[in-house]
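Undergrad: run.cif is reproduced in full below (mmCIF, C-alpha atoms).
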data_coords
#
loop_
_atom_site.label_atom_id
_atom_site.label_comp_id
_atom_site.auth_asym_id
_atom_site.auth_seq_id
_atom_site.Cartn_x
_atom_site.Cartn_y
_atom_site.Cartn_z
CA MET A 1 4.44 9.54 -21.34
CA THR A 2 1.48 8.78 -19.06
CA LYS A 3 0.93 6.40 -16.18
CA ARG A 4 -2.38 5.01 -17.41
CA ASN A 5 -1.30 1.38 -17.06
CA ILE A 6 -0.83 1.58 -13.31
CA LEU A 7 -3.96 3.73 -12.87
CA ASN A 8 -6.06 1.18 -14.75
CA ALA A 9 -4.57 -1.70 -12.75
CA LEU A 10 -5.56 -0.26 -9.37
CA PRO A 11 -8.80 -1.65 -7.93
CA GLU A 12 -11.69 0.55 -6.87
CA ILE A 13 -11.48 2.25 -3.47
CA GLU A 14 -13.29 -0.37 -1.38
CA ALA A 15 -11.45 -3.23 -3.06
CA LEU A 16 -8.14 -1.44 -2.49
CA ARG A 17 -8.94 -1.01 1.20
CA LYS A 18 -9.69 -4.71 1.62
CA LEU A 19 -6.60 -5.69 -0.36
CA SER A 20 -4.45 -3.41 1.78
CA GLN A 21 -5.85 -5.04 4.91
CA SER A 22 -5.14 -8.47 3.45
CA LEU A 23 -1.52 -7.58 2.67
CA ALA A 24 -1.05 -6.26 6.20
CA MET A 25 -2.65 -9.38 7.73
CA LEU A 26 -0.43 -11.68 5.70
CA ASP A 27 2.69 -9.79 6.74
CA ALA A 28 1.59 -9.81 10.39
CA ILE A 29 1.29 -13.60 10.29
CA LEU A 30 4.55 -14.18 8.43
CA SER A 31 6.53 -11.58 10.37
CA PRO A 32 5.51 -11.27 14.03
CA GLU A 33 8.22 -8.62 14.47
CA TRP A 34 6.65 -5.42 13.11
CA GLU A 35 9.90 -3.76 12.06
CA TYR A 36 10.52 -6.44 9.41
CA ARG A 37 7.12 -6.14 7.76
CA TYR A 38 6.55 -4.47 4.40
CA TYR A 39 2.81 -3.91 4.63
CA SER A 40 0.79 -2.36 7.46
CA PHE A 41 -2.75 -1.12 7.96
CA ASP A 42 -4.23 1.09 10.68
CA SER A 43 -8.02 0.88 10.70
CA LYS A 44 -8.12 3.42 13.53
CA TRP A 45 -5.79 6.06 12.06
CA SER A 46 -8.39 8.61 13.17
CA ALA A 47 -12.08 8.62 13.99
CA ASP A 48 -13.04 8.59 10.32
CA GLU A 49 -9.84 7.61 8.48
CA MET A 50 -7.85 4.47 7.75
CA MET A 51 -4.26 4.29 6.57
CA ALA A 52 -2.28 1.67 4.67
CA SER A 53 1.46 1.76 4.21
CA MET A 54 4.40 -0.06 2.68
CA ARG A 55 8.07 0.38 3.55
CA ASN A 56 10.89 -1.66 2.09
CA GLY A 57 13.59 -0.81 4.62
CA SER A 58 15.66 1.06 2.03
CA GLY A 59 13.82 4.36 2.11
CA ASP A 60 11.09 3.54 -0.40
CA GLY A 61 7.42 3.18 0.41
CA TYR A 62 3.89 4.45 0.11
CA PHE A 63 0.98 5.68 2.22
CA ILE A 64 -2.69 5.30 1.34
CA LEU A 65 -5.29 7.34 3.22
CA PHE A 66 -8.92 6.22 3.12
CA ASN A 67 -11.54 8.71 4.30
CA GLN A 68 -15.06 9.92 3.62
CA TYR A 69 -13.92 11.63 0.41
CA GLY A 70 -12.21 8.62 -1.17
CA ALA A 71 -8.57 7.56 -1.16
CA ILE A 72 -5.19 9.09 -1.94
CA ILE A 73 -1.81 7.39 -2.45
CA LYS A 74 1.59 8.99 -2.02
CA GLY A 75 4.75 7.08 -2.87
CA PHE A 76 8.48 7.63 -2.76
CA ALA A 77 11.12 5.78 -4.78
CA HIS A 78 14.38 7.37 -3.70
CA GLU A 79 16.44 6.21 -6.68
CA SER A 80 13.86 7.12 -9.34
CA LEU A 81 14.49 9.89 -11.84
CA MET A 82 11.80 11.99 -10.16
CA SER A 83 13.16 11.69 -6.63
CA PRO A 84 13.62 15.02 -4.80
CA TRP A 85 17.00 13.62 -3.75
CA VAL A 86 18.06 13.70 -7.40
CA SER A 87 17.05 17.34 -7.85
CA GLU A 88 19.60 20.04 -7.14
CA PHE A 89 16.91 21.87 -5.17
CA GLU A 90 15.50 18.77 -3.46
CA GLN A 91 11.94 19.61 -4.50
CA VAL A 92 8.99 17.39 -5.39
CA TRP A 93 8.72 17.01 -9.17
CA PRO A 94 6.40 19.66 -10.70
CA GLY A 95 2.82 18.45 -11.11
CA VAL A 96 3.01 15.53 -8.69
CA LEU A 97 1.15 17.33 -5.88
CA ASP A 98 -0.08 20.50 -7.59
CA GLU A 99 -3.54 19.26 -8.54
CA VAL A 100 -4.46 17.24 -5.47
CA PRO A 101 -8.15 18.03 -4.76
CA SER A 102 -9.05 20.21 -1.80
CA GLU A 103 -10.72 17.23 -0.12
CA PHE A 104 -7.26 15.72 0.42
CA GLN A 105 -5.32 18.84 1.45
CA SER A 106 -5.03 17.60 5.04
CA PHE A 107 -3.16 14.59 3.65
CA LEU A 108 -0.52 16.91 2.20
CA GLN A 109 -0.08 18.61 5.56
CA GLU A 110 0.27 15.47 7.68
CA PRO A 111 3.91 15.17 8.90
CA ALA A 112 3.64 11.37 9.22
CA PHE A 113 3.26 11.06 5.44
CA SER A 114 6.56 12.85 4.63
CA ILE A 115 5.03 14.67 1.69
CA THR A 116 8.29 16.42 0.82
CA GLU A 117 9.56 12.95 -0.10
CA ALA A 118 7.21 12.08 -2.95
CA THR A 119 7.73 10.80 -6.48
CA PHE A 120 4.08 10.05 -7.23
CA CYS A 121 0.61 10.86 -5.95
CA ILE A 122 -2.63 9.20 -7.08
CA TRP A 123 -6.14 9.90 -5.86
CA ARG A 124 -9.74 8.92 -6.39
CA ARG A 125 -12.73 10.68 -4.88
CA SER A 126 -15.80 8.62 -4.03
CA GLY A 127 -17.68 9.91 -7.08
CA ASP A 128 -14.79 9.55 -9.54
CA GLU A 129 -14.89 6.86 -12.19
CA ALA A 130 -11.12 6.36 -12.23
CA TRP A 131 -7.88 7.05 -10.38
CA LYS A 132 -6.22 10.35 -11.24
CA ILE A 133 -2.82 12.05 -11.26
CA GLY A 134 -1.70 15.59 -11.98
CA GLU A 135 -0.47 16.97 -15.28
CA ILE A 136 3.18 15.92 -15.23
CA ASP A 137 5.99 16.37 -17.73
CA TYR A 138 7.81 13.10 -17.11
CA PRO A 139 11.55 12.82 -17.72
CA GLU A 140 12.53 10.87 -20.79
CA GLY A 141 14.63 7.73 -20.90
CA GLU A 142 12.91 5.42 -18.42
CA ASN A 143 9.62 3.52 -18.41
CA ASP A 144 8.99 4.02 -14.69
CA PRO A 145 10.53 7.40 -13.76
CA ASP A 146 8.52 7.84 -10.55
CA GLY A 147 8.72 4.23 -9.32
CA SER A 148 4.95 3.75 -9.18
CA ASP A 149 4.72 0.88 -11.67
CA GLN A 150 7.05 -1.33 -9.65
CA MET A 151 5.91 -0.24 -6.20
CA LEU A 152 2.17 -0.53 -6.81
CA SER A 153 2.21 -3.64 -9.00
CA ILE A 154 1.28 -5.80 -6.01
CA LEU A 155 -2.01 -3.90 -5.76
CA ASN A 156 -3.37 -5.60 -8.89
CA GLY A 157 -5.37 -8.03 -6.75
CA ASP A 158 -3.55 -11.17 -7.94
CA PRO A 159 -2.59 -13.37 -4.93
CA THR A 160 0.34 -14.84 -6.86
CA ALA A 161 1.94 -11.38 -6.76
CA TYR A 162 2.09 -11.56 -2.97
CA GLN A 163 3.22 -15.18 -3.08
CA GLU A 164 6.18 -14.26 -5.29
CA PHE A 165 7.08 -11.36 -3.03
CA ALA A 166 6.73 -13.32 0.21
CA GLU A 167 8.65 -16.39 -0.94
CA SER A 168 11.52 -14.16 -2.01
CA TYR A 169 11.46 -11.96 1.09
CA TYR A 170 10.84 -14.64 3.72
CA GLU A 171 12.86 -17.26 1.83
CA ARG A 172 10.37 -20.11 2.18
CA LYS A 173 7.39 -21.61 0.44
CA ILE A 174 4.06 -19.88 1.09
CA PRO A 175 0.85 -21.82 0.27
CA LEU A 176 -1.19 -19.99 -2.34
CA SER A 177 -4.44 -21.39 -0.94
CA ALA A 178 -3.90 -19.54 2.37
CA ILE A 179 -2.99 -16.33 0.55
CA LYS A 180 -6.16 -16.60 -1.56
CA HIS A 181 -8.23 -17.12 1.60
CA ILE A 182 -6.99 -13.83 3.02
CA TYR A 183 -7.11 -12.00 -0.32
CA GLU A 184 -10.80 -12.93 -0.48
CA HIS A 185 -11.21 -11.34 2.96
CA ASN A 186 -12.52 -14.54 4.48
CA SER A 187 -12.50 -14.77 8.26
CA LEU A 188 -9.11 -15.56 9.74
CA THR A 189 -8.93 -18.97 11.39
CA GLY A 190 -6.32 -20.84 13.38
CA GLU A 191 -5.92 -23.30 10.51
CA ILE A 192 -5.06 -20.54 8.01
CA VAL A 193 -2.58 -19.02 10.46
CA ARG A 194 -0.86 -22.38 10.93
CA LEU A 195 -0.64 -22.92 7.17
CA LEU A 196 1.25 -19.64 6.87
CA ASN A 197 3.32 -19.76 10.05
CA GLN A 198 3.40 -22.69 12.48
CA ASP A 199 5.27 -20.59 15.03
CA ILE A 200 2.39 -18.23 15.83
CA SER A 201 -1.21 -18.69 16.97
CA ILE A 202 -4.28 -16.71 16.10
CA GLY A 203 -4.49 -15.60 19.72
CA GLU A 204 -1.05 -14.01 19.50
CA LEU A 205 -2.27 -12.00 16.51
CA GLN A 206 -5.22 -10.41 18.30
CA THR A 207 -3.65 -6.96 18.56
CA ASP A 208 -2.72 -6.98 14.87
CA ILE A 209 -6.16 -8.22 13.85
CA GLU A 210 -7.83 -5.38 15.73
CA GLU A 211 -5.46 -2.74 14.40
CA ILE A 212 -5.83 -3.95 10.81
CA GLY A 213 -9.58 -4.42 11.18
CA TYR A 214 -9.41 -7.83 9.51
CA PRO A 215 -12.35 -10.25 10.10
CA ARG A 216 -11.63 -13.29 12.22
CA SER A 217 -13.47 -16.46 13.09
CA ALA A 218 -15.32 -16.64 16.39
CA THR A 219 -13.60 -19.96 17.13
#
Could you spell out this file's structure in C-alpha cells?
TA:
Amino acid sequence: MTKRNILNALPEIEALRKLSQSLAMLDAILSPEWEYRYYSFDSKWSADEMMASMRNGSGDGYFILFNQYGAIIKGFAHESLMSPWVSEFEQVWPGVLDEVPSEFQSFLQEPAFSITEATFCIWRRSGDEAWKIGEIDYPEGENDPDGSDQMLSILNGDPTAYQEFAESYYERKIPLSAIKHIYEHNSLTGEIVRLLNQDISIGELQTDIEEIGYPRSAT
C-alpha cells in the first residue's frame, strides 16, 4: 500500500505553517490551560526555525519543524501496527526514517522530538513539488497502519474539521464563523475571542499570540 491520499491532502509548506498557527491559536482561546490543549505552535523555536505540535494526552502526537529547507513531520500513534512498542525489538519501522534528506538530519537528532517513537515521517523541501515519505513495506490488514491518516486529517484546511474536533473535545458549540476567521489568518480581535470563549480576553492571550506568531488587531 502507499500513503498517497494523506500526502496529497496536505497543504503546501507555507499554508501548513499558517494552518498550524491557526490550530494553536484556536486551542489557546478555547483552553487557557496549556496542558489541556491539543495543538501548539512555537514561532521562536530557534533563530530560524518554527515548530508545531499536537499531543492527545494518550501518548500520540506529531511534531512539524519549519526551517529554511522546508518542513518535516514526525508522528507517533502508539497503538498502530507500526508502533515501536508493538515490535519485539522496540525499533522504528524500517523505511520510516531511512530516507530523510540530509537537510533535516538535525531534526532526527533533536531529543525534544522523541524520534525513537515514530510511526511516520513526511517531509517536503522548499523546491519539492510534493510531500514525500520513504520506501516502506507496510504491514497488511489495516488501512492506516502508521496512524497518519487519522492524525493528520485535520490538516486538510477545512475549518469544519476543527469544529467537529473542538465540539467533541470541549463539549460545547463552537461557531464556525470564528473558526473560519482564524483559519483565514485574519487578525485576531476581541470580538472573535469572545465568540469562541467569553471567559477570556484578548489581552490575556498576549503571551500565546506572541509565541504562536499569530496576527492580532491593533485595537
Undergrad: With only C-alpha atoms as the basis for distance, which of A:Glu49, A:Ser148, A:Leu19, A:Arg125 is at the shortest distance from Ser83 (chain A)?
TA: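 Using only C-alpha atoms, the shortest distance to Ser83 (chain A) belongs to A:Ser148.
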Undergrad: I need the residue nearest Gln206 (chain A) from this list: A:Val100, A:Ile13, A:Ile179, A:Ala28. Use all atoms listed in the file for the distance.
TA: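 Nearest candidate to Gln206 (chain A) out of A:Val100, A:Ile13, A:Ile179, A:Ala28: A:Ala28.
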Undergrad: Have a look at CA of Glu79 (chain A) and CA of Leu152 (chain A) and let me know their distance in Å, one decimal.
TA: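 One can read the CA of Glu79 (chain A) to CA of Leu152 (chain A) distance as 15.8 Å.
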Undergrad: I need the residue nearest Ser217 (chain A) from this list: A:Leu195, A:Leu188, A:Ala71, A:Ile202. Use all atoms listed in the file for the distance.
TA: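 Among the listed residues, the smallest separation from Ser217 (chain A) belongs to A:Leu188.
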Undergrad: Kindly indicate which residue among A:Ile136, A:Leu10, A:Pro215, A:Glu129 lies nearest to Asp158 (chain A), using only C-alpha atoms for the distances.
TA: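 When distances to Asp158 (chain A) are compared using only C-alpha atoms, the smallest one comes from A:Leu10.
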Undergrad: Could you tell me how far CA of Gln68 (chain A) sits from CA of Leu108 (chain A), in Å to one decimal place?
TA: 16.2 Å
Undergrad: Between CA of Met25 (chain A) and CA of Tyr162 (chain A), what is the distance in Å, rounded to a tenth?
TA: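 We find that CA of Met25 (chain A) and CA of Tyr162 (chain A) lie 11.9 Å from each other.
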Undergrad: Smallest atom-to-atom distance to Ser80 (chain A): which of A:Pro145, A:Gly134, A:Pro101, A:Pro111, using all atoms listed in the file?
TA: A:Pro145
Undergrad: Tell me which residues the PyMOL selection byres ((chain A and resi 8) around 12) grabs here, as a list in words.
TA: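 Selected by the PyMOL selection byres ((chain A and resi 8) around 12) here: Thr2, Lys3, Arg4, Asn5, Ile6, Leu7, Ala9, Leu10, Pro11, Glu12, Ile122, Arg124, Glu129, Ala130, Trp131, Lys132, Ile133, Asp149, Leu152, Ser153, Leu155 and Asn156 of chain A.
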Undergrad: Ranking A:Gly95, A:Gly213, A:Gly61, A:Gly157 by minimum distance to Phe76 (chain A) and counting all atoms listed in the file, which one comes first?
TA: A:Gly61
Undergrad: Within 10 Å of Met51 (chain A), counting all atoms listed in the file, which residues show up once you throw out same-chain ones fewer than 3 positions away? Write them as a PDB file with C-alpha atoms, in the frame of the given file, please.
TA:
ATOM      1  CA  ARG A  17      -8.940  -1.010   1.200  1.00  0.00           C
ATOM      2  CA  SER A  20      -4.450  -3.410   1.780  1.00  0.00           C
ATOM      3  CA  GLN A  21      -5.850  -5.040   4.910  1.00  0.00           C
ATOM      4  CA  SER A  40       0.790  -2.360   7.460  1.00  0.00           C
ATOM      5  CA  PHE A  41      -2.750  -1.120   7.960  1.00  0.00           C
ATOM      6  CA  ASP A  42      -4.230   1.090  10.680  1.00  0.00           C
ATOM      7  CA  SER A  43      -8.020   0.880  10.700  1.00  0.00           C
ATOM      8  CA  LYS A  44      -8.120   3.420  13.530  1.00  0.00           C
ATOM      9  CA  TRP A  45      -5.790   6.060  12.060  1.00  0.00           C
ATOM     10  CA  SER A  46      -8.390   8.610  13.170  1.00  0.00           C
ATOM     11  CA  PHE A  63       0.980   5.680   2.220  1.00  0.00           C
ATOM     12  CA  ILE A  64      -2.690   5.300   1.340  1.00  0.00           C
ATOM     13  CA  LEU A  65      -5.290   7.340   3.220  1.00  0.00           C
ATOM     14  CA  PHE A  66      -8.920   6.220   3.120  1.00  0.00           C
ATOM     15  CA  ASN A  67     -11.540   8.710   4.300  1.00  0.00           C
ATOM     16  CA  ALA A  71      -8.570   7.560  -1.160  1.00  0.00           C
ATOM     17  CA  ILE A  72      -5.190   9.090  -1.940  1.00  0.00           C
ATOM     18  CA  ILE A  73      -1.810   7.390  -2.450  1.00  0.00           C
ATOM     19  CA  ILE A 212      -5.830  -3.950  10.810  1.00  0.00           C
TER      20      ILE A 212
END
Undergrad: Give as a list in words the residues that the PyMOL selection byres ((chain A and resi 159) around 12) matches when applied to the coordinates above.
TA: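 With the PyMOL selection byres ((chain A and resi 159) around 12) on this model, the match is Leu19, Ser22, Leu23, Leu26, Ser153, Ile154, Leu155, Asn156, Gly157, Asp158, Thr160, Ala161, Tyr162, Gln163, Glu164, Phe165, Ala166, Ile174, Pro175, Leu176, Ser177, Ala178, Ile179, Lys180, His181, Ile182, Tyr183, Glu184 and His185 of chain A.
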Undergrad: Taking (12.3, 16.9, -4.0) as a centre in this file's frame and 12 Å as the limit, can you find every polymer residue with an atom that close, using all atoms listed in the file, and give them as a PyMOL selection string?
TA: chain A and resi 76-97+114-120+146
Undergrad: With C-alpha atoms retained, could you export that selection as a tab-separated table (two decimals), in the coordinates of the input?
TA:
chain	number	residue	atom	x	y	z
A	76	PHE	CA	8.48	7.63	-2.76
A	77	ALA	CA	11.12	5.78	-4.78
A	78	HIS	CA	14.38	7.37	-3.70
A	79	GLU	CA	16.44	6.21	-6.68
A	80	SER	CA	13.86	7.12	-9.34
A	81	LEU	CA	14.49	9.89	-11.84
A	82	MET	CA	11.80	11.99	-10.16
A	83	SER	CA	13.16	11.69	-6.63
A	84	PRO	CA	13.62	15.02	-4.80
A	85	TRP	CA	17.00	13.62	-3.75
A	86	VAL	CA	18.06	13.70	-7.40
A	87	SER	CA	17.05	17.34	-7.85
A	88	GLU	CA	19.60	20.04	-7.14
A	89	PHE	CA	16.91	21.87	-5.17
A	90	GLU	CA	15.50	18.77	-3.46
A	91	GLN	CA	11.94	19.61	-4.50
A	92	VAL	CA	8.99	17.39	-5.39
A	93	TRP	CA	8.72	17.01	-9.17
A	94	PRO	CA	6.40	19.66	-10.70
A	95	GLY	CA	2.82	18.45	-11.11
A	96	VAL	CA	3.01	15.53	-8.69
A	97	LEU	CA	1.15	17.33	-5.88
A	114	SER	CA	6.56	12.85	4.63
A	115	ILE	CA	5.03	14.67	1.69
A	116	THR	CA	8.29	16.42	0.82
A	117	GLU	CA	9.56	12.95	-0.10
A	118	ALA	CA	7.21	12.08	-2.95
A	119	THR	CA	7.73	10.80	-6.48
A	120	PHE	CA	4.08	10.05	-7.23
A	146	ASP	CA	8.52	7.84	-10.55
Undergrad: Using the chain letters and numbers from the file, which residues does the PyMOL selection byres ((chain A and resi 197) around 12) grab, as JSON, numbers by chain?
TA: {"A": [26, 27, 28, 29, 30, 31, 32, 170, 172, 173, 174, 175, 178, 179, 190, 191, 192, 193, 194, 195, 196, 198, 199, 200, 201, 202, 204, 205]}
Undergrad: Provide an axis-aligned box for all listed atoms of region 58-72 of chain A, padding each side by 4 Å; report its centre and its edge lengths in Å to one decimal, as JSON.
TA:
{"center_x": 0.3, "center_y": 6.3, "center_z": 1.2, "size_x": 38.7, "size_y": 18.6, "size_z": 14.2}
Undergrad: Hey, could you patch up region 55-84 of chain A with N, CA and C atoms and hand it over as a PDB file, keeping the file's coordinate frame?
TA:
ATOM      1  N   ARG A  55       6.698  -0.115   3.415  1.00  0.00           N
ATOM      2  CA  ARG A  55       8.070   0.380   3.550  1.00  0.00           C
ATOM      3  C   ARG A  55       9.003  -0.782   3.281  1.00  0.00           C
ATOM      4  N   ASN A  56      10.024  -0.548   2.482  1.00  0.00           N
ATOM      5  CA  ASN A  56      10.890  -1.660   2.090  1.00  0.00           C
ATOM      6  C   ASN A  56      12.210  -1.704   2.854  1.00  0.00           C
ATOM      7  N   GLY A  57      12.380  -0.802   3.817  1.00  0.00           N
ATOM      8  CA  GLY A  57      13.590  -0.810   4.620  1.00  0.00           C
ATOM      9  C   GLY A  57      14.766  -0.110   3.971  1.00  0.00           C
ATOM     10  N   SER A  58      14.584   0.357   2.739  1.00  0.00           N
ATOM     11  CA  SER A  58      15.660   1.060   2.030  1.00  0.00           C
ATOM     12  C   SER A  58      15.293   2.500   1.698  1.00  0.00           C
ATOM     13  N   GLY A  59      14.235   2.976   2.321  1.00  0.00           N
ATOM     14  CA  GLY A  59      13.820   4.360   2.110  1.00  0.00           C
ATOM     15  C   GLY A  59      12.656   4.536   1.181  1.00  0.00           C
ATOM     16  N   ASP A  60      12.217   3.447   0.526  1.00  0.00           N
ATOM     17  CA  ASP A  60      11.090   3.540  -0.400  1.00  0.00           C
ATOM     18  C   ASP A  60       9.805   3.085   0.299  1.00  0.00           C
ATOM     19  N   GLY A  61       8.677   3.606  -0.167  1.00  0.00           N
ATOM     20  CA  GLY A  61       7.420   3.180   0.410  1.00  0.00           C
ATOM     21  C   GLY A  61       6.259   4.016  -0.063  1.00  0.00           C
ATOM     22  N   TYR A  62       5.067   3.657   0.445  1.00  0.00           N
ATOM     23  CA  TYR A  62       3.890   4.450   0.110  1.00  0.00           C
ATOM     24  C   TYR A  62       2.961   4.537   1.317  1.00  0.00           C
ATOM     25  N   PHE A  63       2.074   5.526   1.279  1.00  0.00           N
ATOM     26  CA  PHE A  63       0.980   5.680   2.220  1.00  0.00           C
ATOM     27  C   PHE A  63      -0.310   5.781   1.429  1.00  0.00           C
ATOM     28  N   ILE A  64      -1.367   5.160   1.936  1.00  0.00           N
ATOM     29  CA  ILE A  64      -2.690   5.300   1.340  1.00  0.00           C
ATOM     30  C   ILE A  64      -3.651   5.730   2.436  1.00  0.00           C
ATOM     31  N   LEU A  65      -4.298   6.862   2.259  1.00  0.00           N
ATOM     32  CA  LEU A  65      -5.290   7.340   3.220  1.00  0.00           C
ATOM     33  C   LEU A  65      -6.682   7.086   2.663  1.00  0.00           C
ATOM     34  N   PHE A  66      -7.522   6.443   3.469  1.00  0.00           N
ATOM     35  CA  PHE A  66      -8.920   6.220   3.120  1.00  0.00           C
ATOM     36  C   PHE A  66      -9.785   7.071   4.055  1.00  0.00           C
ATOM     37  N   ASN A  67     -10.643   7.910   3.478  1.00  0.00           N
ATOM     38  CA  ASN A  67     -11.540   8.710   4.300  1.00  0.00           C
ATOM     39  C   ASN A  67     -12.885   8.886   3.614  1.00  0.00           C
ATOM     40  N   GLN A  68     -13.710   9.752   4.146  1.00  0.00           N
ATOM     41  CA  GLN A  68     -15.060   9.920   3.620  1.00  0.00           C
ATOM     42  C   GLN A  68     -15.076  10.448   2.186  1.00  0.00           C
ATOM     43  N   TYR A  69     -13.974  11.049   1.750  1.00  0.00           N
ATOM     44  CA  TYR A  69     -13.920  11.630   0.410  1.00  0.00           C
ATOM     45  C   TYR A  69     -13.432  10.643  -0.643  1.00  0.00           C
ATOM     46  N   GLY A  70     -12.758   9.594  -0.229  1.00  0.00           N
ATOM     47  CA  GLY A  70     -12.210   8.620  -1.170  1.00  0.00           C
ATOM     48  C   GLY A  70     -10.886   8.082  -0.672  1.00  0.00           C
ATOM     49  N   ALA A  71      -9.885   8.084  -1.542  1.00  0.00           N
ATOM     50  CA  ALA A  71      -8.570   7.560  -1.160  1.00  0.00           C
ATOM     51  C   ALA A  71      -7.485   8.306  -1.939  1.00  0.00           C
ATOM     52  N   ILE A  72      -6.323   8.437  -1.301  1.00  0.00           N
ATOM     53  CA  ILE A  72      -5.190   9.090  -1.940  1.00  0.00           C
ATOM     54  C   ILE A  72      -3.916   8.319  -1.599  1.00  0.00           C
ATOM     55  N   ILE A  73      -3.054   8.165  -2.586  1.00  0.00           N
ATOM     56  CA  ILE A  73      -1.810   7.390  -2.450  1.00  0.00           C
ATOM     57  C   ILE A  73      -0.629   8.319  -2.698  1.00  0.00           C
ATOM     58  N   LYS A  74       0.329   8.280  -1.809  1.00  0.00           N
ATOM     59  CA  LYS A  74       1.590   8.990  -2.020  1.00  0.00           C
ATOM     60  C   LYS A  74       2.730   7.997  -1.910  1.00  0.00           C
ATOM     61  N   GLY A  75       3.628   8.010  -2.890  1.00  0.00           N
ATOM     62  CA  GLY A  75       4.750   7.080  -2.870  1.00  0.00           C
ATOM     63  C   GLY A  75       6.073   7.764  -3.082  1.00  0.00           C
ATOM     64  N   PHE A  76       7.121   7.083  -2.656  1.00  0.00           N
ATOM     65  CA  PHE A  76       8.480   7.630  -2.760  1.00  0.00           C
ATOM     66  C   PHE A  76       9.442   6.520  -3.156  1.00  0.00           C
ATOM     67  N   ALA A  77      10.063   6.684  -4.305  1.00  0.00           N
ATOM     68  CA  ALA A  77      11.120   5.780  -4.780  1.00  0.00           C
ATOM     69  C   ALA A  77      12.400   6.596  -4.852  1.00  0.00           C
ATOM     70  N   HIS A  78      13.279   6.411  -3.892  1.00  0.00           N
ATOM     71  CA  HIS A  78      14.380   7.370  -3.700  1.00  0.00           C
ATOM     72  C   HIS A  78      15.406   7.354  -4.834  1.00  0.00           C
ATOM     73  N   GLU A  79      15.478   6.261  -5.585  1.00  0.00           N
ATOM     74  CA  GLU A  79      16.440   6.210  -6.680  1.00  0.00           C
ATOM     75  C   GLU A  79      15.807   6.499  -8.039  1.00  0.00           C
ATOM     76  N   SER A  80      14.535   6.833  -8.071  1.00  0.00           N
ATOM     77  CA  SER A  80      13.860   7.120  -9.340  1.00  0.00           C
ATOM     78  C   SER A  80      14.329   8.455  -9.903  1.00  0.00           C
ATOM     79  N   LEU A  81      14.086   8.644 -11.194  1.00  0.00           N
ATOM     80  CA  LEU A  81      14.490   9.890 -11.840  1.00  0.00           C
ATOM     81  C   LEU A  81      13.761  11.100 -11.274  1.00  0.00           C
ATOM     82  N   MET A  82      12.598  10.882 -10.682  1.00  0.00           N
ATOM     83  CA  MET A  82      11.800  11.990 -10.160  1.00  0.00           C
ATOM     84  C   MET A  82      11.964  12.186  -8.660  1.00  0.00           C
ATOM     85  N   SER A  83      12.927  11.542  -8.064  1.00  0.00           N
ATOM     86  CA  SER A  83      13.160  11.690  -6.630  1.00  0.00           C
ATOM     87  C   SER A  83      13.651  13.097  -6.302  1.00  0.00           C
ATOM     88  N   PRO A  84      13.097  13.720  -5.236  1.00  0.00           N
ATOM     89  CA  PRO A  84      13.620  15.020  -4.800  1.00  0.00           C
ATOM     90  C   PRO A  84      15.106  14.946  -4.450  1.00  0.00           C
TER      91      PRO A  84
END
